[in-house]
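*Asks:* Sharing final.cif below, mmCIF, C-alpha atoms:
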data_data
#
loop_
_atom_site.label_atom_id
_atom_site.label_comp_id
_atom_site.auth_asym_id
_atom_site.auth_seq_id
_atom_site.Cartn_x
_atom_site.Cartn_y
_atom_site.Cartn_z
CA MET X 1 16.40 -13.45 5.65
CA LEU X 2 13.27 -11.48 4.73
CA ASN X 3 11.00 -13.88 6.58
CA ASN X 4 12.79 -12.94 9.80
CA TRP X 5 12.30 -9.20 9.42
CA GLY X 6 10.31 -7.59 12.21
CA VAL X 7 7.32 -5.27 11.80
CA GLY X 8 9.32 -2.09 12.36
CA ARG X 9 12.02 -2.98 9.84
CA ILE X 10 9.50 -3.98 7.17
CA LEU X 11 7.42 -0.83 7.48
CA THR X 12 10.39 1.52 7.80
CA SER X 13 12.01 0.06 4.69
CA GLY X 14 8.74 0.33 2.76
CA VAL X 15 8.14 3.96 3.74
CA LEU X 16 11.73 4.94 2.85
CA ALA X 17 11.41 3.20 -0.52
CA GLY X 18 8.17 5.09 -1.17
CA ALA X 19 9.87 8.39 -0.33
CA LEU X 20 12.79 7.64 -2.66
CA ILE X 21 10.46 6.72 -5.52
CA THR X 22 8.50 9.93 -4.93
CA GLY X 23 11.75 11.87 -5.23
CA LEU X 24 12.48 10.10 -8.50
CA ILE X 25 9.03 11.06 -9.82
CA TRP X 26 9.86 14.70 -9.03
CA LEU X 27 13.18 14.43 -10.85
CA LEU X 28 11.72 12.79 -13.96
CA GLY X 29 8.77 15.15 -13.90
CA GLN X 30 10.99 18.04 -14.90
CA ARG X 31 11.02 16.54 -18.41
CA LEU X 32 7.22 16.91 -18.69
CA HIS X 33 7.01 20.70 -18.53
CA GLY X 34 6.84 21.01 -22.32
CA ILE X 35 3.58 19.05 -22.65
CA THR X 36 0.66 21.28 -23.68
CA LEU X 37 -2.57 20.73 -21.76
CA LEU X 38 -6.07 22.14 -22.16
CA PRO X 39 -7.25 24.98 -19.88
CA ASP X 40 -8.85 24.02 -16.59
CA GLN X 41 -12.61 23.66 -16.97
CA GLY X 42 -13.80 23.36 -13.36
CA ALA X 43 -14.05 20.93 -10.45
CA SER X 44 -15.11 17.96 -12.58
CA TRP X 45 -12.26 18.47 -15.06
CA TYR X 46 -8.99 16.57 -14.71
CA TYR X 47 -6.32 18.91 -16.01
CA TRP X 48 -3.40 16.50 -16.57
CA LYS X 49 -4.41 14.66 -19.74
CA LEU X 50 -3.47 15.02 -23.39
CA PRO X 51 -5.64 17.26 -25.60
CA GLU X 52 -5.55 14.70 -28.42
CA PRO X 53 -5.22 11.15 -27.09
CA THR X 54 -4.62 8.24 -29.43
CA VAL X 55 -5.33 4.53 -29.29
CA TRP X 56 -1.73 3.95 -28.25
CA THR X 57 -1.72 6.50 -25.43
CA ARG X 58 -4.91 4.93 -24.07
CA LEU X 59 -3.63 1.36 -24.36
CA SER X 60 -0.34 2.37 -22.71
CA ALA X 61 -2.29 3.03 -19.50
CA TRP X 62 -5.15 0.53 -19.65
CA LEU X 63 -3.16 -2.59 -20.50
CA PRO X 64 -0.54 -2.18 -17.73
CA TYR X 65 -3.32 -1.26 -15.30
CA ALA X 66 -5.20 -4.46 -16.13
CA ALA X 67 -2.03 -6.56 -15.84
CA HIS X 68 -1.10 -4.93 -12.52
CA GLN X 69 -4.59 -5.43 -11.13
CA LEU X 70 -5.06 -9.03 -12.21
CA THR X 71 -1.60 -10.02 -10.97
CA LEU X 72 -2.23 -8.64 -7.49
CA TRP X 73 -5.67 -10.25 -7.32
CA ALA X 74 -4.08 -13.58 -8.25
CA LEU X 75 -1.46 -13.19 -5.50
CA ILE X 76 -4.15 -12.37 -2.92
CA PHE X 77 -6.12 -15.45 -3.98
CA TYR X 78 -2.99 -17.60 -3.78
CA ALA X 79 -2.19 -16.28 -0.29
CA GLN X 80 -5.71 -16.97 0.96
CA THR X 81 -5.93 -20.48 -0.48
CA ARG X 82 -2.33 -21.72 -0.23
CA VAL X 83 -0.77 -19.81 2.69
CA GLY X 84 -3.62 -18.86 5.00
CA ARG X 85 -1.57 -18.15 8.13
CA TYR X 86 -0.15 -14.97 9.61
CA SER X 87 3.58 -14.51 10.04
CA ARG X 88 5.75 -11.97 11.84
CA GLY X 89 8.02 -11.71 8.80
CA LEU X 90 7.38 -11.92 5.06
CA HIS X 91 6.01 -14.95 3.25
CA PRO X 92 7.55 -15.62 -0.19
CA VAL X 93 4.28 -14.43 -1.75
CA ASN X 94 4.74 -11.05 -0.01
CA VAL X 95 8.16 -10.70 -1.58
CA VAL X 96 6.63 -11.47 -4.97
CA ALA X 97 3.88 -8.88 -4.38
CA LEU X 98 6.43 -6.23 -3.45
CA GLY X 99 8.43 -7.06 -6.58
CA VAL X 100 5.33 -6.89 -8.76
CA ASN X 101 4.41 -3.46 -7.41
CA ALA X 102 7.98 -2.22 -7.88
CA ALA X 103 8.00 -3.44 -11.48
CA PHE X 104 4.69 -1.74 -12.33
CA ILE X 105 5.78 1.47 -10.62
CA ALA X 106 8.84 1.50 -12.89
CA LEU X 107 6.62 0.73 -15.87
CA HIS X 108 4.29 3.62 -15.02
CA MET X 109 7.28 5.95 -14.83
CA ALA X 110 8.37 4.91 -18.32
CA GLN X 111 4.78 5.04 -19.63
CA THR X 112 4.36 8.62 -18.38
CA GLN X 113 7.56 9.72 -20.06
CA LEU X 114 6.64 8.07 -23.39
CA PHE X 115 2.84 8.42 -23.58
CA TYR X 116 1.92 10.66 -20.61
CA ASP X 117 -1.78 9.84 -20.25
CA GLY X 118 -3.24 7.82 -17.39
CA LEU X 119 -6.71 6.37 -17.03
CA ALA X 120 -8.05 9.88 -16.41
CA GLN X 121 -8.49 10.35 -20.15
CA ASP X 122 -11.46 7.97 -20.17
CA VAL X 123 -13.01 8.00 -16.66
CA SER X 124 -14.35 10.63 -14.28
CA ILE X 125 -12.17 12.29 -11.68
CA PHE X 126 -14.82 11.36 -9.12
CA SER X 127 -14.16 7.66 -9.72
CA SER X 128 -10.60 8.07 -8.48
CA GLN X 129 -11.64 10.06 -5.42
CA GLY X 130 -14.53 7.70 -4.74
CA SER X 131 -12.33 4.61 -4.78
CA VAL X 132 -10.23 5.93 -1.89
CA ILE X 133 -13.32 7.03 0.04
CA LEU X 134 -14.78 3.55 -0.39
CA LEU X 135 -11.56 2.05 0.96
CA LEU X 136 -11.77 4.23 4.09
CA VAL X 137 -15.43 3.36 4.59
CA VAL X 138 -14.75 -0.38 4.41
CA VAL X 139 -12.03 0.02 7.06
CA LEU X 140 -14.58 1.67 9.35
CA LEU X 141 -16.97 -1.22 8.74
CA MET X 142 -14.34 -3.91 9.38
CA GLU X 143 -13.14 -2.28 12.59
CA ASN X 144 -16.65 -1.62 13.93
CA ARG X 145 -16.66 -4.58 16.32
CA ARG X 146 -13.12 -3.90 17.64
CA ARG X 147 -13.13 -0.14 18.20
CA GLY X 148 -16.75 0.85 17.63
CA LEU X 149 -17.97 3.54 15.28
CA LEU X 150 -19.37 6.27 17.54
CA PHE X 151 -17.14 7.03 20.55
CA GLY X 152 -16.30 3.39 21.10
CA ARG X 153 -19.83 2.08 20.60
CA PRO X 154 -20.26 -0.29 17.63
CA LEU X 155 -23.13 -0.18 15.19
CA PRO X 156 -25.35 -3.30 15.20
CA ILE X 157 -23.66 -4.79 12.12
CA SER X 158 -23.94 -8.57 11.91
CA ALA X 159 -20.89 -10.79 12.31
CA GLN X 160 -21.56 -12.26 8.85
CA VAL X 161 -21.29 -8.83 7.23
CA ALA X 162 -18.07 -8.04 9.10
CA HIS X 163 -16.62 -11.44 8.20
CA PHE X 164 -17.44 -10.93 4.51
CA ALA X 165 -15.77 -7.51 4.53
CA ARG X 166 -12.66 -8.88 6.23
CA ARG X 167 -12.37 -11.88 3.93
CA TYR X 168 -12.71 -9.97 0.66
CA HIS X 169 -11.47 -6.48 1.49
CA GLY X 170 -8.07 -7.20 -0.04
CA TYR X 171 -9.52 -7.39 -3.54
CA LEU X 172 -11.36 -4.08 -3.10
CA PHE X 173 -8.40 -2.30 -1.52
CA SER X 174 -6.11 -3.56 -4.25
CA TRP X 175 -8.49 -2.19 -6.88
CA ALA X 176 -8.75 1.20 -5.14
CA ALA X 177 -4.98 1.61 -4.88
CA VAL X 178 -4.04 0.28 -8.33
CA TYR X 179 -6.87 2.12 -10.12
CA THR X 180 -5.93 5.43 -8.50
CA PHE X 181 -2.24 4.78 -9.14
CA TRP X 182 -2.82 4.36 -12.88
CA TYR X 183 -5.43 7.13 -13.04
CA HIS X 184 -2.78 9.85 -12.83
CA PRO X 185 0.32 10.45 -14.94
CA MET X 186 3.45 10.65 -12.80
CA GLU X 187 3.56 14.44 -12.79
CA ALA X 188 5.82 16.42 -10.46
CA THR X 189 3.26 18.81 -8.99
CA SER X 190 3.05 18.92 -5.21
CA GLY X 191 -0.42 17.38 -5.27
CA HIS X 192 0.71 14.49 -7.47
CA LEU X 193 3.80 13.82 -5.36
CA ILE X 194 1.81 13.73 -2.11
CA GLY X 195 -0.82 11.53 -3.74
CA PHE X 196 1.67 9.08 -5.20
CA PHE X 197 3.49 8.76 -1.88
CA TYR X 198 0.15 7.89 -0.27
CA MET X 199 -0.51 5.35 -3.03
CA PHE X 200 2.89 3.77 -2.39
CA LEU X 201 1.96 3.33 1.26
CA LEU X 202 -1.32 1.68 0.24
CA LEU X 203 0.46 -0.58 -2.25
CA LEU X 204 2.93 -1.50 0.50
CA GLN X 205 0.05 -2.36 2.81
CA GLY X 206 -1.57 -4.39 0.05
CA SER X 207 1.63 -6.39 -0.38
CA LEU X 208 1.87 -7.34 3.30
CA PHE X 209 -1.20 -9.56 3.52
CA LEU X 210 -1.00 -12.33 6.14
CA THR X 211 1.79 -10.56 8.03
CA ARG X 212 1.74 -8.87 11.44
CA SER X 213 2.79 -5.64 9.73
CA HIS X 214 -0.49 -5.66 7.83
CA THR X 215 -2.53 -5.62 11.05
CA ASN X 216 -0.35 -3.31 13.17
CA ARG X 217 -2.91 -0.86 14.55
CA TRP X 218 -0.57 2.15 14.59
CA TRP X 219 0.43 1.52 10.99
CA THR X 220 -3.16 1.10 9.81
CA LEU X 221 -4.16 4.26 11.71
CA THR X 222 -1.33 6.11 9.95
CA LEU X 223 -2.79 5.05 6.60
CA GLU X 224 -6.25 6.24 7.66
CA LEU X 225 -4.94 9.60 8.88
CA ALA X 226 -2.71 10.15 5.85
CA VAL X 227 -5.81 11.08 3.86
CA ALA X 228 -6.26 14.08 6.19
CA VAL X 229 -2.75 15.27 5.36
CA HIS X 230 -3.21 14.65 1.65
CA GLY X 231 -6.66 16.24 1.43
CA THR X 232 -5.62 19.30 3.43
CA LEU X 233 -2.42 19.98 1.50
CA VAL X 234 -4.10 19.54 -1.88
CA ALA X 235 -6.88 21.92 -0.80
CA VAL X 236 -4.29 24.54 0.23
CA MET X 237 -2.44 24.12 -3.07
CA THR X 238 -5.56 24.42 -5.22
CA SER X 239 -7.54 27.09 -3.36
CA GLY X 240 -4.95 28.87 -1.23
CA PRO X 241 -4.84 29.53 2.52
CA ASP X 242 -8.30 31.10 2.45
CA GLY X 243 -9.88 28.06 0.79
CA ALA X 244 -11.75 25.08 2.18
CA TRP X 245 -8.76 23.26 3.69
CA PRO X 246 -10.12 23.43 7.29
CA MET X 247 -13.12 21.36 6.22
CA PHE X 248 -10.81 18.57 5.04
CA LEU X 249 -8.42 18.79 7.98
CA PHE X 250 -11.03 18.88 10.74
CA GLY X 251 -13.43 16.68 8.83
CA PHE X 252 -11.02 13.75 8.66
CA LEU X 253 -9.68 14.48 12.16
CA GLY X 254 -13.30 14.38 13.30
CA VAL X 255 -13.43 10.74 12.21
CA PHE X 256 -10.29 10.17 14.28
CA VAL X 257 -11.89 11.67 17.40
CA ILE X 258 -15.25 9.97 16.94
CA THR X 259 -13.96 6.55 15.85
CA GLN X 260 -10.31 5.86 15.18
CA MET X 261 -8.68 6.85 18.46
CA HIS X 262 -10.94 4.45 20.37
CA GLY X 263 -9.08 1.44 18.96
CA LEU X 264 -5.67 2.40 20.33
CA GLY X 265 -6.12 1.45 23.97
CA LEU X 266 -5.89 5.08 25.13
CA GLY X 267 -7.22 5.99 28.56
CA ARG X 268 -10.40 8.03 29.00
CA VAL X 269 -8.50 11.13 30.11
CA VAL X 270 -6.25 11.03 27.05
CA ARG X 271 -9.26 10.65 24.74
CA TRP X 272 -11.02 13.56 26.42
CA LEU X 273 -7.91 15.73 26.02
CA LEU X 274 -7.63 14.82 22.35
CA GLY X 275 -11.31 15.62 21.82
CA LEU X 276 -11.02 18.98 23.55
CA ALA X 277 -7.87 19.84 21.60
CA TYR X 278 -9.71 19.00 18.39
CA ALA X 279 -12.69 21.19 19.29
CA PHE X 280 -10.42 24.07 20.39
CA GLY X 281 -8.37 23.84 17.18
CA ALA X 282 -11.43 23.89 14.92
CA LEU X 283 -12.97 26.86 16.77
CA LEU X 284 -9.66 28.71 16.73
CA VAL X 285 -9.10 28.28 13.00
CA TYR X 286 -12.63 29.27 12.03
CA GLY X 287 -12.55 32.11 14.56
CA LEU X 288 -9.38 33.53 12.99
CA ARG X 289 -11.16 33.33 9.64
CA HIS X 290 -14.08 35.30 11.17
CA ASP X 291 -16.43 32.47 10.22
CA LEU X 292 -17.42 30.62 13.37
CA SER X 293 -20.62 29.40 11.74
CA GLY X 294 -18.46 27.71 9.10
CA VAL X 295 -17.24 25.22 11.69
CA LEU X 296 -20.40 23.23 10.97
CA ALA X 297 -18.83 22.25 7.63
CA VAL X 298 -16.39 19.95 9.40
CA GLY X 299 -19.25 17.55 10.03
CA ARG X 300 -19.78 16.83 6.35
CA ILE X 301 -16.98 14.30 5.91
CA PRO X 302 -17.80 12.25 9.04
CA ALA X 303 -21.51 12.33 8.17
CA ILE X 304 -20.85 11.08 4.63
CA GLU X 305 -18.50 8.32 5.80
CA TYR X 306 -20.86 7.03 8.51
CA LEU X 307 -23.83 7.11 6.15
CA LEU X 308 -21.82 5.12 3.61
CA VAL X 309 -20.87 2.57 6.30
CA ALA X 310 -24.57 1.98 7.00
CA VAL X 311 -25.43 1.78 3.29
CA LEU X 312 -22.53 -0.59 2.55
CA ALA X 313 -23.38 -2.84 5.51
CA ALA X 314 -27.00 -3.01 4.33
CA MET X 315 -25.92 -3.86 0.78
CA ILE X 316 -23.61 -6.65 1.96
CA TRP X 317 -26.29 -8.03 4.29
CA LEU X 318 -28.83 -8.00 1.44
CA GLY X 319 -26.38 -9.69 -0.93
CA LEU X 320 -25.61 -12.42 1.61
CA ALA X 321 -29.32 -12.93 2.28
CA ILE X 322 -30.04 -13.32 -1.44
CA ALA X 323 -27.11 -15.73 -1.80
CA ARG X 324 -28.44 -17.87 1.06
CA ARG X 325 -31.92 -17.99 -0.47
CA ARG X 326 -30.56 -18.99 -3.87
CA ARG X 327 -28.38 -21.72 -2.41
CA PRO X 328 -29.86 -25.16 -3.19
CA PRO X 329 -31.19 -26.94 -0.10
CA GLU X 330 -29.11 -29.75 1.32
CA PRO X 331 -30.54 -33.19 0.50
CA VAL X 332 -32.51 -34.86 3.27
CA HIS X 333 -31.58 -38.52 3.80
CA ASP X 334 -34.54 -40.53 5.09
CA ARG X 335 -33.11 -43.32 7.18
CA GLY X 336 -36.47 -45.08 7.46
CA VAL X 337 -38.18 -46.54 10.51
CA GLY X 338 -35.96 -48.53 12.81
CA GLN X 339 -32.69 -47.48 11.18
#
Using structure tokens, write down the structure from this file.

*Replies:*
Amino acid sequence: MLNNWGVGRILTSGVLAGALITGLIWLLGQRLHGITLLPDQGASWYYWKLPEPTVWTRLSAWLPYAAHQLTLWALIFYAQTRVGRYSRGLHPVNVVALGVNAAFIALHMAQTQLFYDGLAQDVSIFSSQGSVILLLVVVLLMENRRRGLLFGRPLPISAQVAHFARRYHGYLFSWAAVYTFWYHPMEATSGHLIGFFYMFLLLLQGSLFLTRSHTNRWWTLTLELAVAVHGTLVAVMTSGPDGAWPMFLFGFLGVFVITQMHGLGLGRVVRWLLGLAYAFGALLVYGLRHDLSGVLAVGRIPAIEYLLVAVLAAMIWLGLAIARRRRPPEPVHDRGVGQ
């Protein structure tokens, strides 16, 4: 029975399924080589979109995206209001969520083969990248009280802000994963395959709400660190071995050293060794590139993420404060003298 599956079996099965689907994308992608695309026009240009889109090619992506998104939001709402308890195995609603994601993955495969275009035809490439960054930032905010943000020390973020983020993060994470999933056609380039595999892991995580698998700290850390692998490999593929890949690798690993490893229960000696290994690796790579001053670039990603955590926390706090002020006052019942 699925509701008796343990954490390891659930996650292992999900990862293997994601790998198999990624292999299928590669196989089907061989049929897309004949599609003519416009020349690359720079960093803000998304290359994999039709030169002459039609109403039907656009609707073929936007309508399934909307259906996929609304269905998952409805399942999250149902789980919060009707289930509301954590389980070691899968609730029936988790099985439904996994089936829904599998069905829309199959639909996207067929849609790519028939119409090709994803949402990229109509929205900026930065919206897709930004959605994943926002997801990572919200994780940092939610975990602030448990593991801290700066070397185990938490930022002074109110409990109300953290509670709001934890209660509603599922809707945001679902949007980030589903939006990015439908942004791209299911092409067979190395960058697409790595990206889709990462999306499958996020969709798996989004289907496991209210299960112990969903909160397994090693699994959630794997999802956070996967962006380092994805960002580094894509940078190597697009700009070559002499490109900016060390900034992505050591930038995201910097977040691990500063924040993420402090939530794993590791001893102080182990954390010091990991920090020293990180510093040695960054200096070694930039030294071999004869650009030791370039090591400063690795601070950009952590700086951006931590700044966004502060901005997001302030925005949530302000929104909650406005909501409290707009809430009608509770009626005062005057019991009268002697009552």

*Asks:* Report as JSON lines: every residue of segment 144-193 of chain X with an atom at most 12 Å from segment 244-254 of chain X, its closest pair of atoms, and their distance in Å to one decimal, counting all atoms listed in the file, with rows sorted by chain and ascending residue number.

*Replies:*
{"residue": "X:Leu149", "atom": "CA", "partner": "X:Gly254", "partner_atom": "CA", "distance": 12.0}
{"residue": "X:Leu150", "atom": "CA", "partner": "X:Gly254", "partner_atom": "CA", "distance": 11.0}
{"residue": "X:Phe151", "atom": "CA", "partner": "X:Gly254", "partner_atom": "CA", "distance": 11.0}

*Asks:* Using the chain letters and numbers from the file, give me the residues hit by the PyMOL selection byres ((chain X and resi 172-188) around 9), as number ranges by chain.

*Replies:* X: 22, 25-30, 32, 48-49, 61-62, 64-65, 68-69, 72-73, 105, 108-109, 111-113, 116-121, 123, 125, 127-132, 134-135, 138, 168-171, 189-193, 195-196, 199-200, 202-203, 206

*Asks:* Applied to this file, what does the PyMOL selection byres ((chain X and resi 256) around 10) return in terms of residues, put as a list in words?

*Replies:* Phe151, Leu221, Glu224, Leu225, Ala228, Phe250, Gly251, Phe252, Leu253, Gly254, Val255, Val257, Ile258, Thr259, Gln260, Met261, His262, Gly263, Leu274, Gly275, Tyr278 and Pro302 of chain X

*Asks:* Kindly export the residues of the current selection with C-alpha atoms, as an mmCIF file, in the frame of the given file.

*Replies:*
data_model
loop_
_atom_site.group_PDB
_atom_site.id
_atom_site.type_symbol
_atom_site.label_atom_id
_atom_site.label_comp_id
_atom_site.auth_asym_id
_atom_site.auth_seq_id
_atom_site.Cartn_x
_atom_site.Cartn_y
_atom_site.Cartn_z
ATOM 1 C CA PHE X 151 -17.140 7.030 20.550
ATOM 2 C CA LEU X 221 -4.160 4.260 11.710
ATOM 3 C CA GLU X 224 -6.250 6.240 7.660
ATOM 4 C CA LEU X 225 -4.940 9.600 8.880
ATOM 5 C CA ALA X 228 -6.260 14.080 6.190
ATOM 6 C CA PHE X 250 -11.030 18.880 10.740
ATOM 7 C CA GLY X 251 -13.430 16.680 8.830
ATOM 8 C CA PHE X 252 -11.020 13.750 8.660
ATOM 9 C CA LEU X 253 -9.680 14.480 12.160
ATOM 10 C CA GLY X 254 -13.300 14.380 13.300
ATOM 11 C CA VAL X 255 -13.430 10.740 12.210
ATOM 12 C CA VAL X 257 -11.890 11.670 17.400
ATOM 13 C CA ILE X 258 -15.250 9.970 16.940
ATOM 14 C CA THR X 259 -13.960 6.550 15.850
ATOM 15 C CA GLN X 260 -10.310 5.860 15.180
ATOM 16 C CA MET X 261 -8.680 6.850 18.460
ATOM 17 C CA HIS X 262 -10.940 4.450 20.370
ATOM 18 C CA GLY X 263 -9.080 1.440 18.960
ATOM 19 C CA LEU X 274 -7.630 14.820 22.350
ATOM 20 C CA GLY X 275 -11.310 15.620 21.820
ATOM 21 C CA TYR X 278 -9.710 19.000 18.390
ATOM 22 C CA PRO X 302 -17.800 12.250 9.040
#

*Asks:* Do you know which residues are at most 8 Å from Gly6 of chain X counting only C-alpha atoms, after dropping those on the same chain fewer than 2 positions away, and could you put them as a list in words?

*Replies:*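 The residues that qualify are Asn4, Gly8, Arg9, Ile10, Arg88 and Gly89 of chain X.
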
*Asks:* Just checking: using all atoms listed in the file, which residue out of X:Leu98, X:Leu210, X:Val229, X:Leu140 ends up closest to Arg82 of chain X?

*Replies:*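 Looking at the shortest contact to Arg82 of chain X, the residue is X:Leu210.
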
*Asks:* Mind pulling up the distance from atom CA of Ser213 of chain X to atom CA of Arg166 of chain X?

*Replies:*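 It comes out at 16.2 Å.
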
*Asks:* Which value, in Å to one decimal, gives the distance between atom CA of Ile301 of chain X and atom CA of Ala226 of chain X?

*Replies:* 14.9 Å
